[in-house]
Each structure stands twice: as C-alpha cells, then as structure tokens.
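S.K.: Below is the file target.pdb, with PDB, C-alpha atoms, pLDDT in the B column.
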ATOM      1  CA  MET F   1      84.443 124.424 167.879  1.00 81.00           C
ATOM      2  CA  LYS F   2      84.128 123.360 164.232  1.00 79.00           C
ATOM      3  CA  LYS F   3      81.880 120.467 165.239  1.00 83.00           C
ATOM      4  CA  ILE F   4      79.587 122.775 167.188  1.00 84.00           C
ATOM      5  CA  VAL F   5      79.245 125.152 164.216  1.00 79.00           C
ATOM      6  CA  ALA F   6      78.623 122.220 161.858  1.00 79.00           C
ATOM      7  CA  LEU F   7      75.997 120.800 164.235  1.00 71.00           C
ATOM      8  CA  PHE F   8      74.305 124.205 164.470  1.00 73.00           C
ATOM      9  CA  VAL F   9      74.178 124.525 160.649  1.00 74.00           C
ATOM     10  CA  VAL F  10      72.701 121.041 160.263  1.00 74.00           C
ATOM     11  CA  MET F  11      70.038 121.740 162.918  1.00 76.00           C
ATOM     12  CA  LEU F  12      69.181 125.025 161.245  1.00 73.00           C
ATOM     13  CA  ALA F  13      68.834 123.319 157.848  1.00 75.00           C
ATOM     14  CA  PHE F  14      66.486 120.650 159.220  1.00 71.00           C
ATOM     15  CA  GLY F  15      64.465 123.256 161.100  1.00 73.00           C
ATOM     16  CA  ILE F  16      63.922 125.388 157.996  1.00 72.00           C
ATOM     17  CA  ASN F  17      63.028 122.327 155.941  1.00 68.00           C
ATOM     18  CA  ALA F  18      60.453 121.174 158.526  1.00 63.00           C
ATOM     19  CA  ASN F  19      58.851 124.616 158.710  1.00 60.00           C
ATOM     20  CA  ALA F  20      58.593 124.853 154.935  1.00 55.00           C
ATOM     21  CA  GLN F  21      56.762 121.537 154.771  1.00 54.00           C
ATOM     22  CA  GLN F  22      54.288 122.533 157.487  1.00 53.00           C
ATOM     23  CA  LYS F  23      53.361 125.763 155.717  1.00 53.00           C
ATOM     24  CA  LYS F  24      52.757 123.911 152.481  1.00 54.00           C
ATOM     25  CA  ALA F  25      50.472 121.372 154.159  1.00 54.00           C
ATOM     26  CA  VAL F  26      48.436 124.128 155.803  1.00 54.00           C
ATOM     27  CA  ALA F  27      47.977 125.860 152.458  1.00 54.00           C
ATOM     28  CA  THR F  28      46.273 122.801 150.920  1.00 57.00           C
ATOM     29  CA  LYS F  29      43.751 122.234 153.735  1.00 63.00           C
ATOM     30  CA  PRO F  30      41.381 125.125 152.902  1.00 68.00           C
ATOM     31  CA  ALA F  31      41.006 123.833 149.354  1.00 67.00           C
ATOM     32  CA  ALA F  32      40.098 120.382 150.656  1.00 69.00           C
ATOM     33  CA  ASN F  33      37.647 121.876 153.147  1.00 78.00           C
ATOM     34  CA  GLN F  34      36.040 123.964 150.424  1.00 81.00           C
ATOM     35  CA  GLU F  35      35.592 120.882 148.245  1.00 81.00           C
ATOM     36  CA  ALA F  36      34.070 118.910 151.116  1.00 77.00           C
ATOM     37  CA  LEU F  37      31.651 121.743 151.884  1.00 80.00           C
ATOM     38  CA  SER F  38      30.699 121.929 148.221  1.00 86.00           C
ATOM     39  CA  LYS F  39      29.916 118.213 148.110  1.00 86.00           C
ATOM     40  CA  LYS F  40      27.922 118.406 151.352  1.00 88.00           C
ATOM     41  CA  ALA F  41      25.894 121.300 149.930  1.00 91.00           C
ATOM     42  CA  ALA F  42      25.185 119.292 146.778  1.00 91.00           C
ATOM     43  CA  PHE F  43      24.023 116.299 148.840  1.00 93.00           C
ATOM     44  CA  SER F  44      21.845 118.570 150.957  1.00 93.00           C
ATOM     45  CA  GLU F  45      20.231 120.131 147.877  1.00 94.00           C
ATOM     46  CA  ALA F  46      19.522 116.698 146.390  1.00 93.00           C
ATOM     47  CA  ALA F  47      18.001 115.562 149.699  1.00 94.00           C
ATOM     48  CA  ILE F  48      15.786 118.648 149.869  1.00 94.00           C
ATOM     49  CA  LYS F  49      14.650 117.940 146.314  1.00 95.00           C
ATOM     50  CA  ASP F  50      13.706 114.370 147.320  1.00 95.00           C
ATOM     51  CA  VAL F  51      11.833 115.608 150.396  1.00 95.00           C
ATOM     52  CA  ASN F  52       9.950 118.165 148.289  1.00 94.00           C
ATOM     53  CA  THR F  53       9.066 115.493 145.727  1.00 94.00           C
ATOM     54  CA  LEU F  54       7.649 113.283 148.459  1.00 94.00           C
ATOM     55  CA  SER F  55       5.958 116.235 150.141  1.00 94.00           C
ATOM     56  CA  GLU F  56       4.104 117.059 146.923  1.00 93.00           C
ATOM     57  CA  PHE F  57       2.654 113.556 146.903  1.00 92.00           C
ATOM     58  CA  VAL F  58       1.860 113.123 150.612  1.00 94.00           C
ATOM     59  CA  LYS F  59       1.568 115.722 153.337  1.00 94.00           C
ATOM     60  CA  LEU F  60       4.576 115.620 155.682  1.00 94.00           C
ATOM     61  CA  ASN F  61       4.966 117.244 159.081  1.00 94.00           C
ATOM     62  CA  ALA F  62       8.133 119.106 160.107  1.00 94.00           C
ATOM     63  CA  ASP F  63       9.586 116.174 162.063  1.00 95.00           C
ATOM     64  CA  GLN F  64       9.154 113.815 159.110  1.00 95.00           C
ATOM     65  CA  LYS F  65      10.817 116.327 156.786  1.00 95.00           C
ATOM     66  CA  VAL F  66      13.868 116.598 159.038  1.00 95.00           C
ATOM     67  CA  LYS F  67      14.230 112.826 159.395  1.00 95.00           C
ATOM     68  CA  LEU F  68      13.722 112.200 155.680  1.00 95.00           C
ATOM     69  CA  LYS F  69      16.200 114.936 154.735  1.00 95.00           C
ATOM     70  CA  GLY F  70      18.873 113.209 156.834  1.00 95.00           C
ATOM     71  CA  LEU F  71      18.010 109.858 155.281  1.00 95.00           C
ATOM     72  CA  PHE F  72      18.158 111.204 151.742  1.00 96.00           C
ATOM     73  CA  GLU F  73      21.444 113.048 152.416  1.00 95.00           C
ATOM     74  CA  GLN F  74      22.982 109.777 153.561  1.00 94.00           C
ATOM     75  CA  LYS F  75      21.547 108.032 150.490  1.00 95.00           C
ATOM     76  CA  HIS F  76      23.156 110.549 148.143  1.00 94.00           C
ATOM     77  CA  MET F  77      26.497 110.358 149.979  1.00 93.00           C
ATOM     78  CA  ASP F  78      26.465 106.575 149.688  1.00 93.00           C
ATOM     79  CA  LEU F  79      25.476 106.650 146.016  1.00 92.00           C
ATOM     80  CA  ALA F  80      28.339 109.067 145.285  1.00 92.00           C
ATOM     81  CA  GLN F  81      30.747 106.258 146.141  1.00 91.00           C
ATOM     82  CA  ASP F  82      31.572 103.594 143.599  1.00 87.00           C
ATOM     83  CA  LEU F  83      29.113 100.855 144.598  1.00 88.00           C
ATOM     84  CA  SER F  84      28.294  97.580 142.905  1.00 92.00           C
ATOM     85  CA  SER F  85      24.754  96.989 141.689  1.00 92.00           C
ATOM     86  CA  GLU F  86      24.159  94.580 144.580  1.00 94.00           C
ATOM     87  CA  ARG F  87      25.181  97.219 147.137  1.00 94.00           C
ATOM     88  CA  LYS F  88      22.963  99.784 145.421  1.00 93.00           C
ATOM     89  CA  ALA F  89      20.022  97.358 145.663  1.00 94.00           C
ATOM     90  CA  VAL F  90      20.683  96.825 149.374  1.00 94.00           C
ATOM     91  CA  LEU F  91      20.923 100.592 149.862  1.00 94.00           C
ATOM     92  CA  ALA F  92      17.602 101.090 148.035  1.00 94.00           C
ATOM     93  CA  ASP F  93      15.942  98.480 150.289  1.00 95.00           C
ATOM     94  CA  TYR F  94      17.371 100.190 153.371  1.00 95.00           C
ATOM     95  CA  VAL F  95      16.183 103.633 152.259  1.00 95.00           C
ATOM     96  CA  GLU F  96      12.723 102.247 151.516  1.00 94.00           C
ATOM     97  CA  ALA F  97      12.480 100.560 154.934  1.00 95.00           C
ATOM     98  CA  GLN F  98      13.661 103.687 156.767  1.00 96.00           C
ATOM     99  CA  MET F  99      11.323 105.899 154.782  1.00 95.00           C
ATOM    100  CA  LYS F 100       8.372 103.645 155.621  1.00 94.00           C
ATOM    101  CA  SER F 101       9.304 103.750 159.306  1.00 95.00           C
ATOM    102  CA  TYR F 102       9.183 107.576 159.273  1.00 95.00           C
ATOM    103  CA  LEU F 103       5.811 107.759 157.501  1.00 95.00           C
ATOM    104  CA  GLU F 104       2.364 107.001 158.852  1.00 94.00           C
ATOM    105  CA  PRO F 105       0.551 103.865 157.564  1.00 94.00           C
ATOM    106  CA  ALA F 106      -1.801 105.870 155.317  1.00 94.00           C
ATOM    107  CA  GLN F 107       1.165 107.729 153.808  1.00 94.00           C
ATOM    108  CA  VAL F 108       3.047 104.459 153.273  1.00 93.00           C
ATOM    109  CA  ALA F 109       0.084 102.945 151.438  1.00 93.00           C
ATOM    110  CA  LYS F 110      -0.182 105.985 149.190  1.00 93.00           C
ATOM    111  CA  VAL F 111       3.548 106.004 148.378  1.00 93.00           C
ATOM    112  CA  GLU F 112       3.618 102.243 147.741  1.00 91.00           C
ATOM    113  CA  GLY F 113       0.846 102.755 145.177  1.00 92.00           C
ATOM    114  CA  ASN F 114       3.167 104.961 143.113  1.00 93.00           C
ATOM    115  CA  ALA F 115       6.047 102.708 142.014  1.00 91.00           C
ATOM    116  CA  GLN F 116       7.667 105.450 139.936  1.00 94.00           C
ATOM    117  CA  LEU F 117       7.898 107.787 142.941  1.00 92.00           C
ATOM    118  CA  MET F 118       9.274 105.006 145.135  1.00 92.00           C
ATOM    119  CA  ASN F 119      11.935 104.258 142.521  1.00 91.00           C
ATOM    120  CA  ILE F 120      12.936 107.938 142.332  1.00 90.00           C
ATOM    121  CA  LEU F 121      13.213 108.235 146.111  1.00 90.00           C
ATOM    122  CA  THR F 122      15.129 105.015 146.728  1.00 90.00           C
ATOM    123  CA  HIS F 123      17.560 105.056 143.812  1.00 86.00           C
TER     124      HIS F 123
END
Kindly transcribe the structure held in the file into structure tokens.

M.R.:
Amino acid sequence: MKKIVALFVVMLAFGINANAQQKKAVATKPAANQEALSKKAAFSEAAIKDVNTLSEFVKLNADQKVKLKGLFEQKHMDLAQDLSSERKAVLADYVEAQMKSYLEPAQVAKVEGNAQLMNILTH
C-alpha cells in the first residue's frame, strides 16, 4: 500500500512539472510570432520603397510590381543575415539578373543607364 501511495505521489509530481513547462513554452510563442511579423512588415515596407523608387524611374505594370516586390522582400531578408562581402556581391548579381528578367528590354536599357539607381536597388 505504501508503494502505491509513493508511486502515485511521484506520478503526480512529474505530471505537475510537465504541465508547468508546457504553459511556460506557450507563453513565449506569441512574443516570437509578434517579432517575426514585425520583421516581415519591415522587409515588406523596404521592398515597397524599392518598387516605388524603380517605378518613379520607369513605368511598371501591376504584374511587374508584384514580382519585383517579392524579389526585393527576399533581398532584404537575405541582407538582414550576417553575410560576407562575397555573398552580398553574389546576391546583388542575382537581384540584378532577376530584376532584368522581369523588366522589358526598353526598361532594362533605361535602368542600366542609371548606375546609382541600379546600386540602390541591388544592394
């Protein structure tokens, strides 16, 4: 009988301890989600700013704006990581190539003529 009571007490202690840890873990998740949403919003705002900068220079249609916004969001997410200068250069080349693939040839020629704008958009 004593062993049964002791076993019951031990099981109760482990059960309470496990429940306490689960509640604590759940409490920290909303803070992490809020931070992730905040970062995503910041990346989205920066991407919209890049699209607007490009749109002021060349006329973009709605499809191009959507594609470029996604590209620039990804660029800002990648640049937020700690990258070496070589990786940043590769990322800039990738962004430039993708951007040129989304634009029409006349738009590409106009953007290539403005090196300062290209540097702003790719870095």

S.K.: Find the residues near Ser44 of chain F: any atom within 6 Å, counting only C-alpha atoms, skip ones fewer than 3 places away on the same chain, and give them as a ChimeraX atom specification.

M.R.: /F:41,47,73

S.K.: Take atom CA of Gln74 of chain F and atom CA of Tyr94 of chain F and report the distance between them in Å, one decimal.

M.R.: 11.1 Å

S.K.: Please expand the PyMOL selection byres ((chain F and resi 76) around 12) into the concrete residues it hits in this file, giving the result as a PyMOL selection string.

M.R.: chain F and resi 39-50+69-75+77-83+88+91-92+95+121-123

S.K.: So how far away is atom CA of Met118 of chain F from atom CA of Glu86 of chain F, in Å?

M.R.: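 The value is 18.2 Å.
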
S.K.: What is the distance between atom CA of Glu104 of chain F and atom CA of Val58 of chain F, in Å to one decimal?

M.R.: 10.3 Å
